[in-house]
Structures are given as C-alpha cells and as structure tokens.
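What's in entry_6.txt: compact mmCIF, C-alpha atoms and all ligand atoms
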```txt
# COMPACT_ATOMS: atom_id res chain seq x y z
CA MET O 1 0.00 0.00 0.00
CA GLU O 2 1.31 3.36 -0.89
CA ARG O 3 1.49 5.83 1.92
CA ARG O 4 0.91 9.32 0.70
CA LEU O 5 2.61 12.22 2.32
CA ILE O 6 0.75 15.34 1.55
CA MET O 7 2.84 18.31 2.36
CA SER O 8 -0.08 20.58 2.88
CA ASP O 9 1.21 21.74 6.20
CA PHE O 10 4.17 23.66 5.04
CA GLY O 11 2.71 26.83 6.41
CA PHE O 12 4.69 26.34 9.59
CA LEU O 13 7.92 26.31 7.70
CA LEU O 14 7.04 29.23 5.47
CA ALA O 15 6.02 31.14 8.56
CA TYR O 16 9.54 31.54 9.78
CA VAL O 17 10.88 32.23 6.38
CA THR O 18 8.33 35.02 6.32
CA LEU O 19 9.68 36.32 9.62
CA LEU O 20 12.72 37.35 7.74
CA LEU O 21 11.30 40.63 6.61
CA SER O 22 14.66 42.00 5.83
CA VAL O 23 18.21 40.88 5.55
CA SER O 24 21.28 42.94 5.82
CA LEU O 25 23.10 43.31 2.59
CA GLU O 26 26.37 44.96 2.13
CA ALA O 27 26.79 47.09 -0.91
CA SER O 28 29.49 45.87 -3.21
CA GLY O 29 32.30 48.09 -4.32
CA GLY O 30 32.62 49.87 -7.61
CA PRO O 31 33.23 48.23 -10.98
CA SER O 32 36.02 45.75 -10.82
CA GLU O 33 39.25 45.57 -12.78
CA ILE O 34 40.04 41.89 -12.26
CA LYS O 35 37.62 39.68 -14.20
CA THR O 36 37.06 36.07 -13.27
CA GLY O 37 34.56 33.63 -14.78
CA THR O 38 31.37 32.72 -12.97
CA ALA O 39 32.57 30.60 -10.06
CA PHE O 40 30.86 27.32 -9.20
CA PHE O 41 30.44 26.16 -5.60
CA ILE O 42 29.12 22.65 -5.01
CA PHE O 43 27.56 21.21 -1.85
CA GLY O 44 26.09 17.77 -1.31
CA ASP O 45 26.55 14.02 -1.22
CA SER O 46 27.97 11.27 -3.44
CA SER O 47 25.94 12.51 -6.40
CA VAL O 48 28.40 15.41 -6.69
CA ASP O 49 31.47 14.48 -4.56
CA SER O 50 34.58 14.79 -6.72
CA GLY O 51 36.99 13.36 -4.16
CA ASN O 52 36.67 15.01 -0.74
CA ASN O 53 36.15 11.65 0.94
CA ASN O 54 39.61 10.53 -0.21
CA TYR O 55 40.94 12.85 2.50
CA ILE O 56 38.72 11.89 5.44
CA ASP O 57 38.61 8.83 7.65
CA THR O 58 35.59 6.89 6.40
CA ILE O 59 34.29 3.50 5.29
CA PRO O 60 34.93 2.06 1.80
CA GLU O 61 31.19 2.42 1.04
CA ASN O 62 31.68 6.20 1.09
CA ARG O 63 34.68 6.13 -1.23
CA GLY O 64 35.01 5.82 -4.99
CA ASN O 65 38.81 5.96 -5.30
CA TYR O 66 39.42 2.37 -6.36
CA LYS O 67 38.75 0.30 -9.45
CA PRO O 68 36.46 -0.12 -11.30
CA TYR O 69 35.30 3.45 -10.47
CA ALA O 70 36.40 5.76 -13.31
CA GLN O 71 36.97 2.70 -15.53
CA ASN O 72 35.90 4.42 -18.78
CA GLY O 73 39.24 6.17 -18.98
CA PHE O 74 38.27 9.83 -18.93
CA PHE O 75 40.28 10.06 -15.71
CA LYS O 76 43.59 8.22 -15.63
CA GLU O 77 42.83 6.88 -12.16
CA PRO O 78 39.84 6.56 -9.86
CA THR O 79 39.25 10.02 -8.37
CA GLY O 80 36.65 9.42 -5.70
CA ARG O 81 33.74 10.12 -8.03
CA PHE O 82 30.92 7.59 -7.69
CA SER O 83 30.66 6.84 -11.40
CA ASP O 84 32.37 4.98 -14.20
CA GLY O 85 33.65 8.37 -15.32
CA ARG O 86 32.47 11.92 -14.90
CA ILE O 87 29.63 13.23 -12.74
CA ILE O 88 27.03 15.90 -13.37
CA VAL O 89 29.04 18.83 -12.01
CA ASP O 90 31.98 18.00 -14.31
CA TYR O 91 29.73 18.52 -17.33
CA ILE O 92 28.21 21.68 -15.94
CA ALA O 93 31.70 23.11 -15.34
CA GLU O 94 32.57 22.25 -18.94
CA TYR O 95 29.44 23.93 -20.35
CA ALA O 96 30.21 27.00 -18.24
CA ASN O 97 33.77 27.13 -19.68
CA LEU O 98 35.30 26.36 -16.31
CA PRO O 99 38.02 23.83 -15.51
CA LEU O 100 37.11 20.82 -13.33
CA ILE O 101 36.16 22.17 -9.91
CA PRO O 102 38.60 20.88 -7.27
CA PRO O 103 37.52 19.15 -4.05
CA PHE O 104 37.97 21.44 -1.04
CA LEU O 105 40.21 18.96 0.77
CA GLN O 106 42.57 18.47 -2.16
CA PRO O 107 45.91 19.99 -1.12
CA SER O 108 46.66 23.35 -2.77
CA ALA O 109 43.29 23.52 -4.54
CA GLU O 110 42.73 26.74 -6.51
CA TYR O 111 39.59 28.56 -5.34
CA VAL O 112 38.89 31.30 -7.89
CA ASN O 113 36.76 29.15 -10.20
CA GLY O 114 34.88 27.60 -7.33
CA VAL O 115 35.25 24.68 -4.96
CA ASN O 116 33.49 21.35 -4.45
CA PHE O 117 32.57 20.72 -0.79
CA ALA O 118 30.44 17.60 -1.34
CA SER O 119 31.00 14.35 0.51
CA GLY O 120 29.70 10.86 -0.24
CA GLY O 121 27.31 9.72 2.47
CA ALA O 122 26.57 13.27 3.66
CA GLY O 123 23.17 14.43 4.77
CA VAL O 124 21.47 17.68 5.62
CA LEU O 125 21.39 16.49 9.24
CA SER O 126 24.72 15.92 10.96
CA THR O 127 23.28 12.74 12.52
CA THR O 128 23.02 11.13 9.05
CA ASN O 129 26.02 8.78 8.66
CA GLN O 130 27.67 10.70 11.48
CA GLY O 131 31.45 10.46 11.55
CA GLN O 132 31.60 8.95 8.07
CA ALA O 133 30.99 12.00 5.89
CA ILE O 134 31.21 15.79 5.88
CA ASP O 135 27.71 16.97 6.75
CA LEU O 136 26.13 20.07 5.21
CA LYS O 137 26.84 22.33 8.20
CA THR O 138 30.54 21.46 8.04
CA GLN O 139 30.51 22.02 4.27
CA LEU O 140 29.25 25.55 4.99
CA LYS O 141 32.09 26.07 7.47
CA HIS O 142 34.51 25.03 4.74
CA PHE O 143 32.90 27.56 2.43
CA GLU O 144 33.57 30.23 5.04
CA GLU O 145 37.25 29.25 5.03
CA VAL O 146 37.29 29.66 1.26
CA GLN O 147 35.59 33.03 1.58
CA ASN O 148 38.28 34.18 4.03
CA SER O 149 41.07 32.87 1.87
CA LEU O 150 39.67 34.58 -1.24
CA THR O 151 39.30 37.84 0.67
CA LYS O 152 42.99 37.69 1.61
CA LYS O 153 43.96 36.97 -1.96
CA LEU O 154 41.62 39.20 -3.99
CA GLY O 155 40.49 41.77 -1.46
CA ASP O 156 37.06 42.48 -0.10
CA ALA O 157 35.35 44.04 -3.13
CA GLU O 158 36.60 41.45 -5.63
CA THR O 159 35.58 38.60 -3.38
CA LYS O 160 32.10 40.02 -2.84
CA GLU O 161 31.65 40.35 -6.56
CA LEU O 162 32.92 36.83 -7.22
CA LEU O 163 30.61 35.36 -4.57
CA SER O 164 27.54 37.26 -5.71
CA GLU O 165 28.00 36.21 -9.34
CA ALA O 166 28.83 32.59 -8.49
CA VAL O 167 26.45 29.67 -8.88
CA TYR O 168 25.81 27.59 -5.73
CA PHE O 169 24.77 24.05 -6.57
CA ILE O 170 23.22 21.84 -3.88
CA SER O 171 22.50 18.12 -4.21
CA ILE O 172 21.67 16.54 -0.87
CA GLY O 173 18.93 14.70 1.03
CA SER O 174 18.98 11.10 -0.25
CA ASN O 175 21.12 9.88 2.66
CA ASP O 176 18.85 11.58 5.20
CA TYR O 177 15.94 9.48 3.91
CA MET O 178 17.80 6.20 3.29
CA GLY O 179 20.30 5.57 6.11
CA GLY O 180 19.16 8.50 8.23
CA TYR O 181 15.50 7.51 8.36
CA LEU O 182 14.45 4.25 6.67
CA GLY O 183 17.58 2.56 8.01
CA ASN O 184 17.17 4.07 11.47
CA PRO O 185 14.18 2.68 13.44
CA ARG O 186 14.79 5.08 16.35
CA MET O 187 14.45 8.10 14.08
CA GLN O 188 11.22 6.65 12.68
CA GLU O 189 9.85 6.23 16.21
CA GLN O 190 10.73 9.81 17.10
CA HIS O 191 9.42 11.50 13.97
CA PRO O 192 6.54 10.65 11.64
CA PRO O 193 7.57 10.97 7.98
CA GLU O 194 5.90 14.37 7.43
CA GLU O 195 7.71 15.84 10.43
CA TYR O 196 11.03 14.38 9.33
CA VAL O 197 10.70 15.86 5.85
CA GLY O 198 9.95 19.19 7.55
CA MET O 199 13.19 18.90 9.55
CA ILE O 200 15.25 18.19 6.46
CA ILE O 201 13.69 21.04 4.51
CA GLY O 202 13.97 23.37 7.52
CA ASN O 203 17.68 22.71 7.91
CA LEU O 204 18.24 22.94 4.17
CA THR O 205 16.44 26.30 4.15
CA GLN O 206 18.80 27.50 6.89
CA ALA O 207 21.77 26.48 4.77
CA ILE O 208 20.41 28.36 1.74
CA GLN O 209 19.85 31.42 3.91
CA GLU O 210 23.37 31.22 5.29
CA LEU O 211 24.85 31.14 1.80
CA TYR O 212 22.60 34.02 0.80
CA GLU O 213 23.80 36.06 3.76
CA LYS O 214 27.41 35.35 2.80
CA GLY O 215 26.62 36.85 -0.60
CA GLY O 216 25.30 33.97 -2.71
CA ARG O 217 22.55 34.94 -5.16
CA LYS O 218 22.29 32.20 -7.79
CA PHE O 219 21.36 28.71 -6.68
CA GLY O 220 20.91 25.39 -8.45
CA PHE O 221 19.18 22.40 -6.86
CA LEU O 222 19.31 18.77 -7.85
CA SER O 223 16.01 17.30 -6.65
CA LEU O 224 15.81 13.75 -5.37
CA SER O 225 15.48 10.74 -7.66
CA PRO O 226 12.96 7.91 -7.20
CA LEU O 227 15.01 6.56 -4.29
CA GLY O 228 13.09 3.29 -4.04
CA CYS O 229 14.22 2.33 -7.56
CA LEU O 230 17.94 2.45 -6.74
CA PRO O 231 19.13 -1.17 -7.19
CA ALA O 232 20.04 -1.36 -3.49
CA LEU O 233 16.54 -0.36 -2.40
CA ARG O 234 14.72 -2.39 -5.05
CA ALA O 235 16.58 -5.43 -3.67
CA LEU O 236 15.34 -4.60 -0.16
CA ASN O 237 11.73 -4.62 -1.26
CA THR O 238 10.50 -7.92 0.08
CA LYS O 239 6.90 -6.82 0.23
CA SER O 240 4.00 -8.11 -1.88
CA ASN O 241 5.34 -7.47 -5.36
CA VAL O 242 8.99 -8.44 -5.35
CA GLY O 243 10.93 -6.70 -8.11
CA SER O 244 9.15 -3.40 -7.91
CA CYS O 245 10.55 -0.27 -6.32
CA PHE O 246 10.59 0.37 -2.59
CA GLU O 247 7.62 2.71 -2.43
CA GLU O 248 8.25 4.20 0.99
CA ALA O 249 11.60 5.59 -0.12
CA SER O 250 10.24 7.07 -3.34
CA THR O 251 7.32 8.61 -1.46
CA LEU O 252 9.73 10.38 0.89
CA ALA O 253 11.73 11.66 -2.08
CA LEU O 254 8.57 13.03 -3.71
CA ALA O 255 7.46 14.70 -0.48
CA HIS O 256 10.91 16.27 -0.15
CA ASN O 257 10.84 17.54 -3.72
CA ASN O 258 7.38 19.08 -3.31
CA ALA O 259 8.37 20.75 -0.07
CA LEU O 260 11.60 22.11 -1.55
CA LYS O 261 9.70 23.51 -4.51
CA ALA O 262 7.28 25.33 -2.19
CA VAL O 263 10.09 26.77 -0.06
CA LEU O 264 12.05 28.01 -3.06
CA THR O 265 9.03 29.81 -4.47
CA ARG O 266 8.64 31.54 -1.14
CA ILE O 267 12.30 32.40 -0.69
CA GLU O 268 12.45 33.93 -4.15
CA HIS O 269 9.99 36.57 -3.02
CA LEU O 270 11.63 37.23 0.32
CA PHE O 271 15.32 37.29 -0.51
CA MET O 272 16.08 40.19 -2.77
CA GLY O 273 18.06 39.16 -5.84
CA PHE O 274 17.72 35.41 -5.13
CA LYS O 275 17.60 33.49 -8.43
CA TYR O 276 17.36 29.73 -8.69
CA SER O 277 17.20 26.75 -10.90
CA ASN O 278 15.29 23.74 -9.56
CA SER O 279 15.37 20.41 -11.35
CA TYR O 280 12.77 17.72 -11.80
CA PHE O 281 15.04 14.71 -11.64
CA TYR O 282 12.40 12.34 -10.29
CA ASN O 283 10.27 11.97 -13.43
CA TRP O 284 13.27 12.38 -15.69
CA LEU O 285 15.02 9.35 -14.16
CA ASP O 286 11.80 7.38 -13.73
CA ASP O 287 11.29 7.60 -17.52
CA ARG O 288 14.72 6.13 -18.13
CA ILE O 289 14.27 3.40 -15.53
CA ASN O 290 10.95 2.32 -17.05
CA ASN O 291 11.70 2.87 -20.77
CA PRO O 292 15.49 2.54 -21.09
CA THR O 293 15.49 1.76 -24.81
CA LYS O 294 13.66 4.97 -25.60
CA PHE O 295 16.70 6.86 -24.31
CA GLY O 296 19.47 4.66 -25.70
CA PHE O 297 19.93 2.35 -22.71
CA LYS O 298 19.41 -1.40 -22.51
CA ASP O 299 18.87 -1.79 -18.78
CA GLY O 300 17.14 0.59 -16.35
CA VAL O 301 16.88 -1.76 -13.40
CA ASN O 302 20.17 -3.57 -12.71
CA ALA O 303 23.48 -2.11 -11.55
CA CYS O 304 26.41 -2.56 -13.92
CA CYS O 305 28.66 -3.19 -10.92
CA GLY O 306 27.48 -5.14 -7.87
CA THR O 307 26.21 -8.48 -6.59
CA GLY O 308 22.90 -10.22 -5.99
CA PRO O 309 19.41 -9.23 -7.16
CA TYR O 310 19.60 -6.15 -9.43
CA GLY O 311 23.26 -5.78 -8.43
CA GLY O 312 21.72 -4.30 -5.30
CA ILE O 313 24.34 -5.62 -2.90
CA PHE O 314 26.77 -2.71 -2.65
CA SER O 315 29.98 -4.60 -3.40
CA CYS O 316 31.36 -2.74 -6.43
CA GLY O 317 35.16 -2.73 -6.25
CA GLY O 318 35.55 -5.59 -3.77
CA THR O 319 36.69 -3.36 -0.91
CA LYS O 320 33.42 -3.36 0.99
CA LYS O 321 31.74 -5.95 3.23
CA VAL O 322 30.94 -8.28 0.34
CA ARG O 323 34.12 -8.86 -1.65
CA GLU O 324 32.80 -10.49 -4.79
CA TYR O 325 31.14 -8.44 -7.46
CA GLN O 326 30.09 -8.66 -11.09
CA LEU O 327 30.84 -6.03 -13.69
CA CYS O 328 28.82 -5.57 -16.87
CA ASP O 329 30.46 -5.39 -20.30
CA ASN O 330 29.30 -1.95 -21.29
CA ALA O 331 28.33 0.59 -18.62
CA ASP O 332 26.87 2.86 -21.32
CA ASP O 333 23.99 0.39 -21.71
CA TYR O 334 23.00 0.90 -18.07
CA VAL O 335 21.17 3.55 -16.10
CA TRP O 336 22.82 2.35 -12.87
CA TRP O 337 26.55 2.13 -12.39
CA ASP O 338 26.58 0.63 -8.88
CA SER O 339 23.88 -0.17 -6.31
CA PHE O 340 23.30 3.53 -5.51
CA HIS O 341 24.74 5.65 -8.32
CA PRO O 342 23.96 6.22 -12.00
CA THR O 343 26.39 5.84 -14.88
CA GLU O 344 28.36 8.65 -16.51
CA ARG O 345 25.91 8.53 -19.39
CA ILE O 346 23.02 9.43 -17.09
CA HIS O 347 25.12 12.17 -15.48
CA GLU O 348 25.83 13.63 -18.91
CA GLN O 349 22.24 13.47 -20.16
CA PHE O 350 21.00 15.11 -17.00
CA ALA O 351 23.68 17.78 -17.03
CA LYS O 352 22.51 18.68 -20.55
CA ALA O 353 18.90 18.88 -19.40
CA LEU O 354 19.87 21.12 -16.48
CA TRP O 355 22.05 23.32 -18.63
CA ASP O 356 19.54 24.37 -21.25
CA GLY O 357 16.61 22.00 -20.87
CA PRO O 358 12.91 22.90 -20.95
CA PRO O 359 10.91 24.07 -17.90
CA SER O 360 9.55 20.56 -17.43
CA TYR O 361 13.02 19.53 -16.24
CA VAL O 362 14.49 22.75 -14.95
CA ALA O 363 12.76 25.92 -13.76
CA PRO O 364 12.31 28.82 -13.33
CA TYR O 365 15.82 29.31 -14.79
CA ASN O 366 18.11 26.74 -16.31
CA LEU O 367 21.80 26.70 -15.41
CA LYS O 368 22.82 28.37 -18.62
CA ASP O 369 20.71 31.36 -17.60
CA LEU O 370 22.36 31.46 -14.19
CA PHE O 371 25.91 31.14 -15.49
CA LEU O 372 25.79 33.20 -18.65
CA THR O 373 22.76 35.44 -18.82
CA ILE O 374 21.69 36.76 -15.47
CA ASN O 375 23.84 39.49 -14.14
CA LYS O 376 24.31 40.16 -10.53
CA GLU O 377 21.66 42.47 -9.17
CA LYS O 378 23.47 45.69 -8.58
CA LEU O 379 22.61 46.69 -5.08
CA THR O 380 22.46 50.27 -4.06
CA ILE O 381 22.36 51.77 -0.62
CA GLY O 382 18.68 52.49 -1.19
CA ASP O 383 17.97 48.77 -1.47
CA ILE O 384 19.40 48.00 1.89
CA VAL O 385 17.01 47.72 4.76
CA ASP O 386 18.92 46.73 7.81
CA ASN O 387 16.81 45.59 10.69
CA PRO O 388 18.83 43.40 13.04
CA GLU O 389 15.85 42.83 15.30
CA ASN O 390 13.92 40.97 12.61
CA GLU O 391 16.94 38.91 11.76
CA GLN O 392 17.35 37.94 15.39
CA THR O 393 13.73 36.74 15.58
CA PHE O 394 14.26 34.68 12.48
CA TYR O 395 17.21 32.81 13.93
CA GLU O 396 15.52 32.21 17.26
CA SER O 397 12.50 30.75 15.57
CA LEU O 398 14.57 28.22 13.63
C1 LIG K 1 17.07 20.88 12.04
O1 LIG K 1 17.25 19.56 12.45
C2 LIG K 1 17.15 19.36 13.84
C3 LIG K 1 17.46 17.91 14.12
O2 LIG K 1 18.80 17.66 13.81
C4 LIG K 1 15.76 19.72 14.32
O3 LIG K 1 15.66 19.57 15.71
C5 LIG K 1 15.46 21.15 13.92
O4 LIG K 1 14.13 21.46 14.26
C6 LIG K 1 15.68 21.34 12.43
N1 LIG K 1 15.54 22.76 12.11
C7 LIG K 1 14.56 23.22 11.32
C8 LIG K 1 14.57 24.68 11.06
O5 LIG K 1 13.70 22.50 10.85
```

Just give me the structure of the file as structure tokens.
Amino acid sequence: MERRLIMSDFGFLLAYVTLLLSVSLEASGGPSEIKTGTAFFIFGDSSVDSGNNNYIDTIPENRGNYKPYAQNGFFKEPTGRFSDGRIIVDYIAEYANLPLIPPFLQPSAEYVNGVNFASGGAGVLSTTNQGQAIDLKTQLKHFEEVQNSLTKKLGDAETKELLSEAVYFISIGSNDYMGGYLGNPRMQEQHPPEEYVGMIIGNLTQAIQELYEKGGRKFGFLSLSPLGCLPALRALNTKSNVGSCFEEASTLALAHNNALKAVLTRIEHLFMGFKYSNSYFYNWLDDRINNPTKFGFKDGVNACCGTGPYGGIFSCGGTKKVREYQLCDNADDYVWWDSFHPTERIHEQFAKALWDGPPSYVAPYNLKDLFLTINKEKLTIGDIVDNPENEQTFYESL
C-alpha cells in the first residue's frame, strides 16, 4: 500500500521564512578591474562528490577511489567520483567554460573558479552517517574558510563580486531518507515521515539562507530521484510485489521535492536578488528506468557493478563488506553504475537537461541562464534595509 505524504502543512515552515522581513546586505564596491569567470560552488553528497572523501577517515562504502570506479578512462585513475567516469558537475563546469572544480580537501586547490565541498554519504542532518561523511553544516564552514582565503587573496570588493556572481549548486537529502530515516528505526519512532521531511527542509532552508547572507545569489538544486528504484533499495523490497521499487523511499523523495519547490518559491519573493534553478530529476530518471530503450539504454533496473538481485548488494570494487562483485560489459547500456549511483551517461544526459533544458526539467531558470545570462543584481544603498531585530527573531525561531 502506498502511503501518501501530503505536504499541505508547510505553512509552519514558510512562517519563519516570512519572519525574515529583511536581511542585511552589504553594498558591493565599484566596478572591478580583475575579471574572473562565474565561479561554481558545489555542496552535497555522493551525487556530486569529486573526491573530498579521499581525504577523510571513512568507510569504503563512502569512497570511490578504487577500481572499477572511473573505468571508462576519462580520468587516468579513480578520483573518488561515484561513477564509471564523470559526474554531473563536471559537465556543468565544462558547459560554463570552467576547468574541473577541485575538491575542497585536495591539497593546494585553486579557489577562484569555485570549490566542491560535497562528501559521499553526507546528509542535511549531521546525525546522518555521522562520523563517516562531511555533513552540510561542516561544508558551509569550509565555504567560510574559502571566503576568508579569497578575501585575503583578492580583497574584499573582488571577493564580494565573485561570490555574488557565483552559482551555488546543492545536491543533498537522499542519505537523510535512506540511512538516516528508513535505516534508522529510532528516528522513525521519534518522527513521523511528514515531520522528518519538515526537519530536512527546515535545515536545508537555513543552509540556503546562510549562503545568501554570505553573498550567494544564484542557486541550483538537484532534486531527489525515485530513491526506491535504486538497485540497493529495489533489492530490499521484500513486500507483496517483489521486483518493484521500494515505495516508501520514493514517497519520501517526492514529499521532499514538493516541499523544496514550495520553499524556493517563497524564498524567491523574500530574498532580494535570489535566483534559482530547480530540477525535476524524479520523473526524468523514472522515464529512463521504465523505458530505457527509448533513451538509448538497454537496462534501467540492474546495476552494472554489484552483486545479488539487481546488483543491489553494494559490493562494487571488492573493498566493501561483500568482496565479490560482477561487472557488466558496457556501462553505457545501463542507467545504474553501482547499487546507488547512476552511470556517466546518465550524469551527462542530466547535465545537458539542467544546462539548457525545458521548464519541465528545470525551472524557473536553467543553469545556462544562471551562469551566462543573469547578471548580478546591482545593489544600491537604497535597497538596503537593515533591521537586526527581525533577523534575530528569524534565527531564534529556527
Ligand atoms: C534541524 O534539524 C534538527 C534535528 O537535527 C531539528 O531539531 C530542527 O528542528 C531542524 N531545524 C529546522 C529549522 O527545521
């Protein structure tokens, strides 16, 4: 039986967003001499991690720096990306004429074109996979370090300009619903699903606000996929119709996506100059899972790399709990690379859709608009309404 989560009660969440009647904005300096491209800052989980987890103490499940990851040869060696090759943010960087964006933890990473803070296994909540990933709050602290370092290097005015023109891309939440909730009976006892989704969205909203207050204006969001159709979750579905997706997980993902959409609409009106691109990954991927041949794939159900039913036992690479694994002949025929992550081909197709796709996949702006078309709102002193008291109330209510 499908349990429906109707997110009708998002009023409570919007209420405190509304409390933020004003935010303090600092006027940026005059026209700048030094020109940089539009920088790209990335936050999230394994869907966008380009190697941060290589530098932290974690479990092999949260790493992609061993074979056969990266086997298609685009990278000489496995990099930590959870793919047979590139991931979505690599393509977006390419379309935006940027070099590959370095992981924050990579020694001597260059920051001026942006930084990737994402970490495989990470959640919005720090309790999700605690101690095994860099949670979103810590990713924001790392961003602050980058901000300070850029200010030292480029000066205050340049840095403000760079940060206000940059695109902030956030792809997170799946781990909060999988390990953090469905895999955590105590959390399920403490919070009914609707309330839990509210917590995730509430904390995600705080993160967006924090980036906005640090000067971020252009945001991109990767919405959640049909989580129950990941090979690992399909294999867990032992209920009535074996072989179908794990409905509870997909239902949570849909509820999350609906709630995020509602919050972004609201924020757009409240945060002056806030521009965003939201994606509709759920239906997009569902189409490919159900009709792979229509999109040039042969298999939408099984993982190319893994063990057991649907390749759903997360064994790819032979470094995890289960050592044996099977590898398909041609990853390009598959939607799923391993038990949790799609192939490079899916990453590329979706990056294209996000870059200049139609409003059914990406709205209200696509990423091309954010990177190339929309100019920073030029703020003037007259735009600035500084009311610390309102801001204080906002924080206390969160
Ligand atoms: C953020 O998550 C915590 C649990 O970690 C929760 O208690 C809190 O209410 C959430 N904040 C918002 C604004 O939803």

_ligand LIG 1 (chain K) neighbours within 7 Å using all atoms listed in the file, as a list in words_ = Leu125, Ser126, Thr127, Gly198, Met199, Ile200, Ile201, Gly202, Asn203, Gln206 and Leu398 of chain O

*Please, what distance in Å, to one decimal, runs between atom CA of Pro226 of chain O and atom CA of Tyr282 of chain O?*
5.4 Å

Tell me which residues come within 12 Å of (23.9, -4.6, -0.9), as a JSON list (two decimals) with C-alpha atoms, in the frame of the given file, counting only C-alpha atoms in the file's coordinates.
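As a result, out_17.json now contains:
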```json
[["chain", "number", "residue", "atom", "x", "y", "z"],
["O", 61, "GLU", "CA", 31.19, 2.42, 1.04],
["O", 230, "LEU", "CA", 17.94, 2.45, -6.74],
["O", 231, "PRO", "CA", 19.13, -1.17, -7.19],
["O", 232, "ALA", "CA", 20.04, -1.36, -3.49],
["O", 233, "LEU", "CA", 16.54, -0.36, -2.40],
["O", 234, "ARG", "CA", 14.72, -2.39, -5.05],
["O", 235, "ALA", "CA", 16.58, -5.43, -3.67],
["O", 236, "LEU", "CA", 15.34, -4.60, -0.16],
["O", 303, "ALA", "CA", 23.48, -2.11, -11.55],
["O", 305, "CYS", "CA", 28.66, -3.19, -10.92],
["O", 306, "GLY", "CA", 27.48, -5.14, -7.87],
["O", 307, "THR", "CA", 26.21, -8.48, -6.59],
["O", 308, "GLY", "CA", 22.90, -10.22, -5.99],
["O", 309, "PRO", "CA", 19.41, -9.23, -7.16],
["O", 310, "TYR", "CA", 19.60, -6.15, -9.43],
["O", 311, "GLY", "CA", 23.26, -5.78, -8.43],
["O", 312, "GLY", "CA", 21.72, -4.30, -5.30],
["O", 313, "ILE", "CA", 24.34, -5.62, -2.90],
["O", 314, "PHE", "CA", 26.77, -2.71, -2.65],
["O", 315, "SER", "CA", 29.98, -4.60, -3.40],
["O", 316, "CYS", "CA", 31.36, -2.74, -6.43],
["O", 320, "LYS", "CA", 33.42, -3.36, 0.99],
["O", 321, "LYS", "CA", 31.74, -5.95, 3.23],
["O", 322, "VAL", "CA", 30.94, -8.28, 0.34],
["O", 323, "ARG", "CA", 34.12, -8.86, -1.65],
["O", 324, "GLU", "CA", 32.80, -10.49, -4.79],
["O", 325, "TYR", "CA", 31.14, -8.44, -7.46],
["O", 338, "ASP", "CA", 26.58, 0.63, -8.88],
["O", 339, "SER", "CA", 23.88, -0.17, -6.31],
["O", 340, "PHE", "CA", 23.30, 3.53, -5.51]]
```

*Interatomic distance between atom CA of Gly243 of chain O and atom CA of Glu189 of chain O?*
27.6 Å

*For Thr319 of chain O, work out the shell of residues within 10 Å, counting all atoms listed in the file and skipping chain neighbours fewer than 6 positions away, then give it as a ChimeraX atom specification.*
/O:59-61,63,66-67,325

*Nearest to Lys261 of chain O among O:Ile92, O:Ala70, O:Ile346, O:Leu222, with distances taken over all atoms listed in the file: which residue is it?*
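Closest to Lys261 of chain O, using all atoms listed in the file: O:Leu222.
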
*asked:* One number please: atom CA of Asp286 of chain O to atom CA of Tyr196 of chain O, in Å, one decimal.
replied: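 The value is 24.1 Å.
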
Mind checking which residues fall within 8 Å of Gly80 of chain O, counting all atoms listed in the file, ignoring those fewer than 6 positions away in the same chain, and posting them as a PDB file with C-alpha atoms, in the coordinates of the input?
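Generated file (around_20.pdb):
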```pdb
ATOM      1  CA  ASP O  49      31.470  14.480  -4.560  1.00  0.00           C
ATOM      2  CA  SER O  50      34.580  14.790  -6.720  1.00  0.00           C
ATOM      3  CA  GLY O  51      36.990  13.360  -4.160  1.00  0.00           C
ATOM      4  CA  ASN O  52      36.670  15.010  -0.740  1.00  0.00           C
ATOM      5  CA  ASN O  53      36.150  11.650   0.940  1.00  0.00           C
ATOM      6  CA  ASN O  54      39.610  10.530  -0.210  1.00  0.00           C
ATOM      7  CA  ARG O  63      34.680   6.130  -1.230  1.00  0.00           C
ATOM      8  CA  GLY O  64      35.010   5.820  -4.990  1.00  0.00           C
ATOM      9  CA  ASN O  65      38.810   5.960  -5.300  1.00  0.00           C
ATOM     10  CA  TYR O  66      39.420   2.370  -6.360  1.00  0.00           C
ATOM     11  CA  TYR O  69      35.300   3.450 -10.470  1.00  0.00           C
TER      12      TYR O  69
END
```

For the interface of segment 169-252 of chain O with segment 139-151 of chain O (cut-off 12 Å, counting only C-alpha atoms), please tabulate each contacting residue of segment 169-252 of chain O alongside its nearest pair of atoms and their separation in Å to one decimal, rows sorted by chain and increasing number, as a Markdown table.
```
| residue | atom | partner | partner_atom | distance |
| --- | --- | --- | --- | --- |
| O:Ile170 | CA | O:Gln139 | CA | 10.9 |
| O:Ile172 | CA | O:Gln139 | CA | 11.6 |
| O:Leu204 | CA | O:Leu140 | CA | 11.3 |
| O:Gln206 | CA | O:Leu140 | CA | 10.8 |
| O:Ala207 | CA | O:Leu140 | CA | 7.5 |
| O:Ile208 | CA | O:Leu140 | CA | 9.8 |
| O:Gln209 | CA | O:Leu140 | CA | 11.1 |
| O:Glu210 | CA | O:Leu140 | CA | 8.2 |
| O:Leu211 | CA | O:Leu140 | CA | 7.8 |
| O:Tyr212 | CA | O:Leu140 | CA | 11.6 |
| O:Glu213 | CA | O:Glu144 | CA | 11.4 |
| O:Lys214 | CA | O:Glu144 | CA | 8.3 |
| O:Gly215 | CA | O:Gln147 | CA | 10.0 |
| O:Gly216 | CA | O:Gln147 | CA | 11.2 |
```

*Nearest-residue call for Ala93 of chain O, choices O:Leu182, O:Glu165, O:Lys352, O:Leu105, using only C-alpha atoms*: O:Lys352

Taking all atoms of segment 345-348 of chain O that appear in the file, build a box with edges along x, y and z, extend it by 4 Å on every side, and state its centre and edge lengths in Å to one decimal, as AutoDock Vina command-line options.
```
--center_x 24.5 --center_y 11.1 --center_z -17.4 --size_x 10.9 --size_y 13.1 --size_z 11.9
```

_From the options O:Ala157, O:Ala166, O:Cys245, O:Ala262, which residue's atoms come nearest to Leu98 of chain O, counting all atoms listed in the file?_
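For Leu98 of chain O, the nearest of the given residues is O:Ala166.
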
_Applying 6 Å and only C-alpha atoms, which residues near Tyr361 of chain O remain after dropping the ones on its own chain fewer than 2 positions away? List them as a list in words._
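Answer for this query is Ser279, Tyr280, Pro358 and Pro359 of chain O.
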
*Counting all atoms listed in the file, figure out which residue out of O:Ser174, O:Asn113, O:Gln326, O:Asn62 gets nearest to Leu254 of chain O.*
O:Ser174

*asked:* Using all atoms listed in the file, can you tell me which of O:Ile289, O:Val124, O:Ile42, O:Leu372 comes closest to Val301 of chain O?
replied: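 Residue with the minimum atom-to-atom distance to Val301 of chain O: O:Ile289.
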
*asked:* For Gly357 of chain O, find every residue with an atom within 10 Å (counting only C-alpha atoms), except residues of its own chain fewer than 4 positions away, and show them as a list in words.
replied: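 The filter keeps Ser279, Phe350, Ala351, Lys352, Ala353, Tyr361, Val362, Ala363, Tyr365, Asn366, Leu367 and Lys368 of chain O.
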
*asked:* Need to verify the contact set: Met178 of chain O, 12 Å, all atoms listed in the file, exclusion of same-chain residues closer than 6 positions in sequence. Can you return it as a PyMOL selection string?
replied: chain O and resi 121-123+128-129+172+184-185+187-188+224+226-228+230+232-233+236+246+248-253+340

*Selection as a count of residues only: residues within 12 Å of (30.9, 27.9, -15.2), counting all atoms listed in the file*: 37

_Using all atoms listed in the file, can you tell me which of O:Tyr111, O:Phe271, O:Phe43, O:Trp336 comes closest to Lys152 of chain O?_
O:Tyr111
